[in-house]
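Q: Below is the file my_file.cif, which contains mmCIF, C-alpha atoms.
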```
data_upload
loop_
_atom_site.group_PDB
_atom_site.id
_atom_site.type_symbol
_atom_site.label_atom_id
_atom_site.label_comp_id
_atom_site.auth_asym_id
_atom_site.auth_seq_id
_atom_site.Cartn_x
_atom_site.Cartn_y
_atom_site.Cartn_z
ATOM 1 C CA MET A 102 108.797 120.095 120.624
ATOM 2 C CA LYS A 103 107.364 116.642 121.097
ATOM 3 C CA THR A 104 107.195 114.280 118.140
ATOM 4 C CA ILE A 105 104.295 112.399 116.587
ATOM 5 C CA PHE A 106 105.454 109.611 114.296
ATOM 6 C CA CYS A 107 103.014 109.479 111.379
ATOM 7 C CA ILE A 108 102.258 106.703 108.911
ATOM 8 C CA SER A 109 100.159 107.714 105.941
ATOM 9 C CA GLY A 110 97.528 105.842 103.971
ATOM 10 C CA LEU A 111 98.178 103.362 101.204
ATOM 11 C CA GLY A 112 100.616 104.874 98.714
ATOM 12 C CA ALA A 113 100.364 108.389 100.197
ATOM 13 C CA ASP A 114 103.255 110.440 101.552
ATOM 14 C CA GLU A 115 103.853 113.323 103.964
ATOM 15 C CA LYS A 116 101.480 115.591 102.021
ATOM 16 C CA ALA A 117 98.547 113.747 103.623
ATOM 17 C CA PHE A 118 99.442 115.375 106.970
ATOM 18 C CA ALA A 119 100.374 118.785 105.548
ATOM 19 C CA LYS A 120 97.224 120.624 106.670
ATOM 20 C CA LEU A 121 97.250 119.436 110.282
ATOM 21 C CA ASP A 122 98.201 121.968 112.934
ATOM 22 C CA ILE A 123 99.067 120.372 116.288
ATOM 23 C CA GLU A 124 100.373 122.884 118.825
ATOM 24 C CA GLY A 125 103.470 121.727 120.717
ATOM 25 C CA TYR A 126 104.162 118.814 118.372
ATOM 26 C CA ARG A 127 106.110 118.220 115.218
ATOM 27 C CA LEU A 128 104.909 115.600 112.772
ATOM 28 C CA ARG A 129 107.524 113.181 111.516
ATOM 29 C CA VAL A 130 106.329 110.957 108.689
ATOM 30 C CA ILE A 131 107.750 107.448 108.383
ATOM 31 C CA GLN A 132 108.077 106.807 104.666
ATOM 32 C CA TRP A 133 106.685 103.601 103.185
ATOM 33 C CA LYS A 134 109.231 100.929 102.306
ATOM 34 C CA GLN A 135 109.122 98.560 99.370
ATOM 35 C CA PRO A 136 107.800 95.206 100.698
ATOM 36 C CA LEU A 137 109.963 92.142 100.291
ATOM 37 C CA ILE A 138 108.657 89.113 98.414
ATOM 38 C CA ASN A 139 106.124 87.253 100.587
ATOM 39 C CA GLU A 140 106.861 89.595 103.516
ATOM 40 C CA SER A 141 104.385 89.395 106.385
ATOM 41 C CA LEU A 142 102.801 92.529 107.813
ATOM 42 C CA GLU A 143 104.530 91.778 111.131
ATOM 43 C CA ALA A 144 107.947 91.697 109.454
ATOM 44 C CA TYR A 145 107.140 94.848 107.524
ATOM 45 C CA ALA A 146 106.161 96.632 110.747
ATOM 46 C CA THR A 147 109.537 95.634 112.215
ATOM 47 C CA ARG A 148 111.301 97.414 109.367
ATOM 48 C CA MET A 149 109.043 100.467 109.653
ATOM 49 C CA ARG A 150 109.707 100.836 113.404
ATOM 50 C CA GLU A 151 113.449 101.102 112.744
ATOM 51 C CA GLU A 152 112.736 104.755 111.863
ATOM 52 C CA ILE A 153 111.391 105.431 115.382
ATOM 53 C CA ASP A 154 114.257 106.731 117.501
ATOM 54 C CA GLU A 155 112.392 107.824 120.655
ATOM 55 C CA PRO A 156 111.180 105.686 123.569
ATOM 56 C CA ASP A 157 107.432 105.351 124.166
ATOM 57 C CA PRO A 158 106.507 107.227 120.976
ATOM 58 C CA VAL A 159 103.160 108.670 119.979
ATOM 59 C CA LEU A 160 102.061 107.058 116.706
ATOM 60 C CA MET A 161 99.476 108.453 114.316
ATOM 61 C CA GLY A 162 98.204 106.250 111.516
ATOM 62 C CA LEU A 163 96.026 107.233 108.576
ATOM 63 C CA SER A 164 93.944 104.450 106.975
ATOM 64 C CA PHE A 165 96.324 101.515 106.279
ATOM 65 C CA GLY A 166 98.915 103.416 108.294
ATOM 66 C CA GLY A 167 96.742 102.934 111.365
ATOM 67 C CA MET A 168 96.867 99.186 110.917
ATOM 68 C CA VAL A 169 100.647 99.315 110.587
ATOM 69 C CA SER A 170 100.819 101.489 113.720
ATOM 70 C CA ILE A 171 98.995 98.798 115.692
ATOM 71 C CA GLU A 172 101.374 96.144 114.369
ATOM 72 C CA ILE A 173 104.316 98.303 115.512
ATOM 73 C CA ALA A 174 102.712 98.684 118.961
ATOM 74 C CA LYS A 175 102.753 94.898 119.296
ATOM 75 C CA GLN A 176 106.548 95.068 119.114
ATOM 76 C CA ILE A 177 107.517 98.148 121.133
ATOM 77 C CA PRO A 178 105.973 100.147 124.001
ATOM 78 C CA VAL A 179 104.076 103.202 122.752
ATOM 79 C CA LYS A 180 102.609 106.109 124.695
ATOM 80 C CA LYS A 181 99.551 106.489 122.502
ATOM 81 C CA ILE A 182 98.182 105.592 119.077
ATOM 82 C CA ILE A 183 95.914 107.960 117.174
ATOM 83 C CA LEU A 184 93.953 106.400 114.324
ATOM 84 C CA ILE A 185 92.450 108.560 111.597
ATOM 85 C CA SER A 186 90.037 107.058 109.037
ATOM 86 C CA SER A 187 91.326 103.613 109.896
ATOM 87 C CA ILE A 188 90.298 100.420 111.709
ATOM 88 C CA LYS A 189 91.446 98.839 114.963
ATOM 89 C CA SER A 190 90.692 95.175 114.314
ATOM 90 C CA ALA A 191 89.424 92.701 111.742
ATOM 91 C CA LYS A 192 85.920 93.167 113.172
ATOM 92 C CA GLU A 193 85.846 96.675 111.696
ATOM 93 C CA LEU A 194 86.672 95.554 108.152
ATOM 94 C CA PRO A 195 83.696 96.196 105.838
ATOM 95 C CA PHE A 196 81.827 93.212 104.434
ATOM 96 C CA TRP A 197 83.024 93.820 100.885
ATOM 97 C CA MET A 198 86.679 93.630 101.942
ATOM 98 C CA LYS A 199 86.026 90.392 103.800
ATOM 99 C CA THR A 200 84.383 89.044 100.634
ATOM 100 C CA VAL A 201 87.376 90.061 98.536
ATOM 101 C CA ALA A 202 89.644 88.179 100.961
ATOM 102 C CA LYS A 203 87.424 85.087 101.145
ATOM 103 C CA LEU A 204 87.135 84.774 97.346
ATOM 104 C CA LYS A 205 90.745 85.912 96.790
ATOM 105 C CA LEU A 206 89.467 88.471 94.295
ATOM 106 C CA ASN A 207 92.545 90.636 94.795
ATOM 107 C CA LYS A 208 94.593 87.706 93.474
ATOM 108 C CA ILE A 209 92.250 86.900 90.589
ATOM 109 C CA VAL A 210 91.935 90.545 89.516
ATOM 110 C CA PRO A 211 95.181 92.105 90.765
ATOM 111 C CA VAL A 212 95.558 95.826 91.258
ATOM 112 C CA ARG A 213 97.189 97.588 88.326
ATOM 113 C CA SER A 214 99.189 100.785 88.231
ATOM 114 C CA ASN A 215 96.879 102.155 85.493
ATOM 115 C CA TYR A 216 93.917 103.886 87.137
ATOM 116 C CA LYS A 217 92.252 105.475 84.096
ATOM 117 C CA LEU A 218 89.194 103.257 84.369
ATOM 118 C CA THR A 219 88.999 102.898 88.144
ATOM 119 C CA GLY A 220 90.198 106.277 89.364
ATOM 120 C CA PHE A 221 86.738 107.838 89.655
ATOM 121 C CA ILE A 222 85.494 104.855 91.696
ATOM 122 C CA GLN A 223 88.435 105.141 94.071
ATOM 123 C CA ASN A 224 87.904 108.908 94.387
ATOM 124 C CA HIS A 225 84.322 108.184 95.407
ATOM 125 C CA PHE A 226 85.460 105.831 98.190
ATOM 126 C CA LEU A 227 88.113 108.300 99.305
ATOM 127 C CA GLY A 228 85.642 111.176 99.445
ATOM 128 C CA ILE A 229 87.725 113.355 97.152
ATOM 129 C CA ARG A 230 86.160 116.811 96.769
ATOM 130 C CA THR A 231 88.501 119.412 95.316
ATOM 131 C CA ALA A 232 90.859 119.726 92.364
ATOM 132 C CA GLU A 233 93.759 119.918 94.848
ATOM 133 C CA GLU A 234 92.764 116.584 96.395
ATOM 134 C CA LYS A 235 92.336 114.952 92.979
ATOM 135 C CA ALA A 236 95.783 116.150 91.960
ATOM 136 C CA LEU A 237 97.347 114.867 95.190
ATOM 137 C CA VAL A 238 95.757 111.432 94.821
ATOM 138 C CA ALA A 239 96.660 111.262 91.112
ATOM 139 C CA GLN A 240 100.270 112.040 91.988
ATOM 140 C CA SER A 241 100.301 109.273 94.607
ATOM 141 C CA ARG A 242 98.943 106.803 92.037
ATOM 142 C CA ARG A 243 101.634 107.719 89.540
ATOM 143 C CA LYS A 244 104.349 107.229 92.149
ATOM 144 C CA ALA A 245 102.927 104.003 93.607
ATOM 145 C CA ASN A 246 104.709 100.774 92.822
ATOM 146 C CA THR A 247 102.409 98.003 91.567
ATOM 147 C CA GLN A 248 104.048 95.361 93.779
ATOM 148 C CA TYR A 249 103.615 97.584 96.832
ATOM 149 C CA ILE A 250 99.941 98.283 96.052
ATOM 150 C CA GLN A 251 99.121 94.605 95.506
ATOM 151 C CA TRP A 252 100.939 93.625 98.694
ATOM 152 C CA SER A 253 99.198 96.348 100.723
ATOM 153 C CA VAL A 254 95.697 95.505 99.479
ATOM 154 C CA ASP A 255 96.286 91.841 100.337
ATOM 155 C CA LYS A 256 97.410 92.747 103.880
ATOM 156 C CA ILE A 257 94.422 95.049 104.415
ATOM 157 C CA VAL A 258 91.676 92.640 103.357
ATOM 158 C CA ASN A 259 93.322 89.708 105.163
ATOM 159 C CA TRP A 260 94.115 91.524 108.420
ATOM 160 C CA LYS A 261 93.212 89.248 111.356
ATOM 161 C CA ASN A 262 94.102 91.518 114.248
ATOM 162 C CA GLU A 263 92.082 91.326 117.475
ATOM 163 C CA TRP A 264 94.627 92.915 119.837
ATOM 164 C CA LEU A 265 94.274 96.550 120.899
ATOM 165 C CA PRO A 266 96.978 98.747 122.461
ATOM 166 C CA PRO A 267 96.243 100.046 125.997
ATOM 167 C CA VAL A 268 95.905 103.654 124.807
ATOM 168 C CA ILE A 269 94.309 104.114 121.391
ATOM 169 C CA ILE A 270 92.275 107.082 120.146
ATOM 170 C CA HIS A 271 90.130 106.594 117.055
ATOM 171 C CA ILE A 272 88.967 109.577 114.961
ATOM 172 C CA HIS A 273 86.555 108.701 112.165
ATOM 173 C CA GLY A 274 84.182 110.387 109.740
ATOM 174 C CA ASP A 275 80.504 109.500 109.599
ATOM 175 C CA HIS A 276 80.606 109.654 105.773
ATOM 176 C CA ASP A 277 83.640 107.379 105.359
ATOM 177 C CA LYS A 278 82.863 105.058 102.423
ATOM 178 C CA MET A 279 86.081 103.034 102.666
ATOM 179 C CA PHE A 280 85.535 102.026 106.291
ATOM 180 C CA PRO A 281 81.835 102.756 107.024
ATOM 181 C CA ILE A 282 81.079 104.202 110.444
ATOM 182 C CA LYS A 283 78.514 101.457 111.143
ATOM 183 C CA ASN A 284 81.424 99.045 111.656
ATOM 184 C CA ILE A 285 83.544 101.447 113.696
ATOM 185 C CA HIS A 286 83.714 102.165 117.424
ATOM 186 C CA ALA A 287 85.360 105.600 117.407
ATOM 187 C CA ASN A 288 86.266 107.961 120.234
ATOM 188 C CA TYR A 289 85.534 110.993 118.077
ATOM 189 C CA VAL A 290 83.250 111.196 115.043
ATOM 190 C CA VAL A 291 83.626 113.999 112.490
ATOM 191 C CA ARG A 292 80.290 115.012 110.975
ATOM 192 C CA HIS A 293 80.245 114.773 107.178
ATOM 193 C CA GLY A 294 83.820 113.510 107.324
ATOM 194 C CA GLY A 295 84.891 111.167 104.533
ATOM 195 C CA HIS A 296 87.963 108.981 104.178
ATOM 196 C CA PHE A 297 89.998 112.012 103.067
ATOM 197 C CA MET A 298 88.885 114.270 105.925
ATOM 198 C CA ILE A 299 92.488 114.704 107.064
ATOM 199 C CA MET A 300 92.735 117.105 104.120
ATOM 200 C CA ASN A 301 89.286 118.631 103.664
ATOM 201 C CA LYS A 302 88.426 118.798 107.388
ATOM 202 C CA ALA A 303 91.943 119.311 108.674
ATOM 203 C CA ARG A 304 90.978 121.987 111.207
ATOM 204 C CA GLU A 305 88.385 119.769 112.906
ATOM 205 C CA VAL A 306 90.701 116.784 112.839
ATOM 206 C CA SER A 307 93.545 118.875 114.307
ATOM 207 C CA VAL A 308 91.349 119.974 117.215
ATOM 208 C CA LEU A 309 90.409 116.388 117.966
ATOM 209 C CA ILE A 310 94.024 115.231 117.795
ATOM 210 C CA GLN A 311 94.978 117.997 120.233
ATOM 211 C CA LYS A 312 92.174 116.872 122.544
ATOM 212 C CA ALA A 313 93.322 113.250 122.295
ATOM 213 C CA LEU A 314 96.889 114.201 123.165
ATOM 214 C CA ALA A 315 95.768 116.226 126.166
ATOM 215 C CA GLY A 316 93.472 113.497 127.491
#
```
Translate this file's structure into structure tokens.

A:
Amino acid sequence: MKTIFCISGLGADEKAFAKLDIEGYRLRVIQWKQPLINESLEAYATRMREEIDEPDPVLMGLSFGGMVSIEIAKQIPVKKIILISSIKSAKELPFWMKTVAKLKLNKIVPVRSNYKLTGFIQNHFLGIRTAEEKALVAQSRRKANTQYIQWSVDKIVNWKNEWLPPVIIHIHGDHDKMFPIKNIHANYVVRHGGHFMIMNKAREVSVLIQKALAG
């Protein structure tokens, strides 16, 4: 079987891809690494790509994982990149994230590992619907390292990328509150799809991934 190298969203693991069904492909998830002190996103991508052991790989990135996939593609040849609920360039960052970066709000009010007060707000942005999804996200929060979360948020809101790989397929939901569709130029749009559609609309997303791979 052919391999798709997957990079999940911020703090998530292989469970984010568990409901996808891509005929003829196996999904291999590259696990997040602990960032080094003051490590750039470019240097981090170099360490992440060490897990890729095939030439001209197919990369699939979910949310922040899509941004990391693009950074990897700057360093090695890739056959194709599939973005899910992600962004391709700094132009697609929502206004509120750009404001956070400009005012350095993520530095003034750093992200904490305790989500008791903010969890429901984050669930709203993620488009969490079911008890299963809430449990999965809660588990990811408990496992997440505070240093990693703070580093990741800083890299997301300050991403300056303008370069696009030659072959990139973007799948996005029209109800995504994290990265609103009005800022996104997607190849495929999932109706009523939120930021967590990889779980709650896995069948539709799988069909579109299959179509992207065949195209």

Q: Output the residue selection produced by the PyMOL selection byres ((chain A and resi 189) around 7) on the file above, formatted as a list of chain:residue names.

A: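 Selected by the PyMOL selection byres ((chain A and resi 189) around 7) here: A:Met168, A:Ser187, A:Ile188, A:Ser190, A:Glu193, A:Leu265.
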
Q: Could you write out as an MDAnalysis selection string the residues that the PyMOL selection byres ((chain A and resi 154-167) around 6) matches in the shown file?

A: chainID A and resid 105:111 153 168:170 178:187

Q: Next, the residues of the selection above should be written as a short mmCIF file (atom, residue, chain, number, x, y, z; two decimals), in the coordinates of the input with C-alpha atoms.

A:
```
data_model
loop_
_atom_site.label_atom_id
_atom_site.label_comp_id
_atom_site.auth_asym_id
_atom_site.auth_seq_id
_atom_site.Cartn_x
_atom_site.Cartn_y
_atom_site.Cartn_z
CA ILE A 105 104.30 112.40 116.59
CA PHE A 106 105.45 109.61 114.30
CA CYS A 107 103.01 109.48 111.38
CA ILE A 108 102.26 106.70 108.91
CA SER A 109 100.16 107.71 105.94
CA GLY A 110 97.53 105.84 103.97
CA LEU A 111 98.18 103.36 101.20
CA ILE A 153 111.39 105.43 115.38
CA MET A 168 96.87 99.19 110.92
CA VAL A 169 100.65 99.32 110.59
CA SER A 170 100.82 101.49 113.72
CA PRO A 178 105.97 100.15 124.00
CA VAL A 179 104.08 103.20 122.75
CA LYS A 180 102.61 106.11 124.70
CA LYS A 181 99.55 106.49 122.50
CA ILE A 182 98.18 105.59 119.08
CA ILE A 183 95.91 107.96 117.17
CA LEU A 184 93.95 106.40 114.32
CA ILE A 185 92.45 108.56 111.60
CA SER A 186 90.04 107.06 109.04
CA SER A 187 91.33 103.61 109.90
#
```

Q: Would you list the residues near (105.8, 101.2, 110.7) (no more than 8 Å away, in the coordinates of the file, using only C-alpha atoms) as a PyMOL selection string?

A: chain A and resi 108+131+133+145-152+166+169-170+172-173

Q: Could you tell me how far CA of Ile272 (chain A) lies from CA of Gln176 (chain A), in Å and to one decimal?

A: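 So the answer is 23.2 Å.
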
Q: Residues near region 204-208 of chain A, anyone? I mean within 12 Å using all atoms listed in the file, not counting same-chain ones fewer than 2 positions away, as a list in words.

A: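 Selected residues are Trp197, Met198, Lys199, Thr200, Val201, Ala202, Val210, Pro211, Val212, Arg213, Ile250, Gln251, Trp252, Ser253, Val254, Asp255, Lys256, Ile257, Val258 and Asn259 of chain A.
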
Q: Identify all residues satisfying the PyMOL selection byres ((chain A and resi 313) around 10) in the given file; provide them as a list in words.

A: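 For this structure, the PyMOL selection byres ((chain A and resi 313) around 10) resolves to Lys181, Ile182, Ile183, Ile269, Ile270, His271, Ile272, Asn288, Tyr289, Ser307, Val308, Leu309, Ile310, Gln311, Lys312, Leu314, Ala315 and Gly316 of chain A.
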
Q: Have a look at A:Ala303, A:Ile138, A:Leu128, A:Ala119 and name the one nearest to Gln248 (chain A); count all atoms listed in the file.

A: A:Ile138

Q: Record the distance separating CA of Asp277 (chain A) and CA of Glu143 (chain A), expressed in Å with one decimal.

A: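 These two atoms are separated by 26.7 Å.
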
Q: Enter the distance from CA of Trp260 (chain A) to CA of Ile285 (chain A), in Å, rounded to one decimal.

A: 15.4 Å

Q: Please return, as an mmCIF file with C-alpha atoms, in the coordinates of the input, all polymer residues that have at least one atom within 7 Å of the point (89.3, 90.8, 114.8); use all atoms listed in the file and the file's own coordinate frame.

A:
```
data_model
loop_
_atom_site.group_PDB
_atom_site.id
_atom_site.type_symbol
_atom_site.label_atom_id
_atom_site.label_comp_id
_atom_site.auth_asym_id
_atom_site.auth_seq_id
_atom_site.Cartn_x
_atom_site.Cartn_y
_atom_site.Cartn_z
ATOM 1 C CA SER A 190 90.692 95.175 114.314
ATOM 2 C CA ALA A 191 89.424 92.701 111.742
ATOM 3 C CA LYS A 192 85.920 93.167 113.172
ATOM 4 C CA LYS A 261 93.212 89.248 111.356
ATOM 5 C CA ASN A 262 94.102 91.518 114.248
ATOM 6 C CA GLU A 263 92.082 91.326 117.475
#
```

Q: Compile the contact shell of Lys116 (chain A) as a compact mmCIF listing (two decimals) with C-alpha atoms, in the coordinates of the input: residues with an atom at most 10 Å away, counting all atoms listed in the file, same-chain residues fewer than 2 positions apart removed.

A:
```txt
# COMPACT_ATOMS: atom_id res chain seq x y z
CA SER A 109 100.16 107.71 105.94
CA ALA A 113 100.36 108.39 100.20
CA ASP A 114 103.26 110.44 101.55
CA PHE A 118 99.44 115.38 106.97
CA ALA A 119 100.37 118.78 105.55
CA LYS A 120 97.22 120.62 106.67
CA VAL A 130 106.33 110.96 108.69
CA LEU A 237 97.35 114.87 95.19
CA SER A 241 100.30 109.27 94.61
CA MET A 300 92.74 117.10 104.12
```

Q: Pick from A:Lys283, A:Tyr249, A:Gly112, A:Ala232: nearest to Gln135 (chain A), with all atoms listed in the file counted?

A: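 The answer is A:Tyr249, which sits nearest to Gln135 (chain A).
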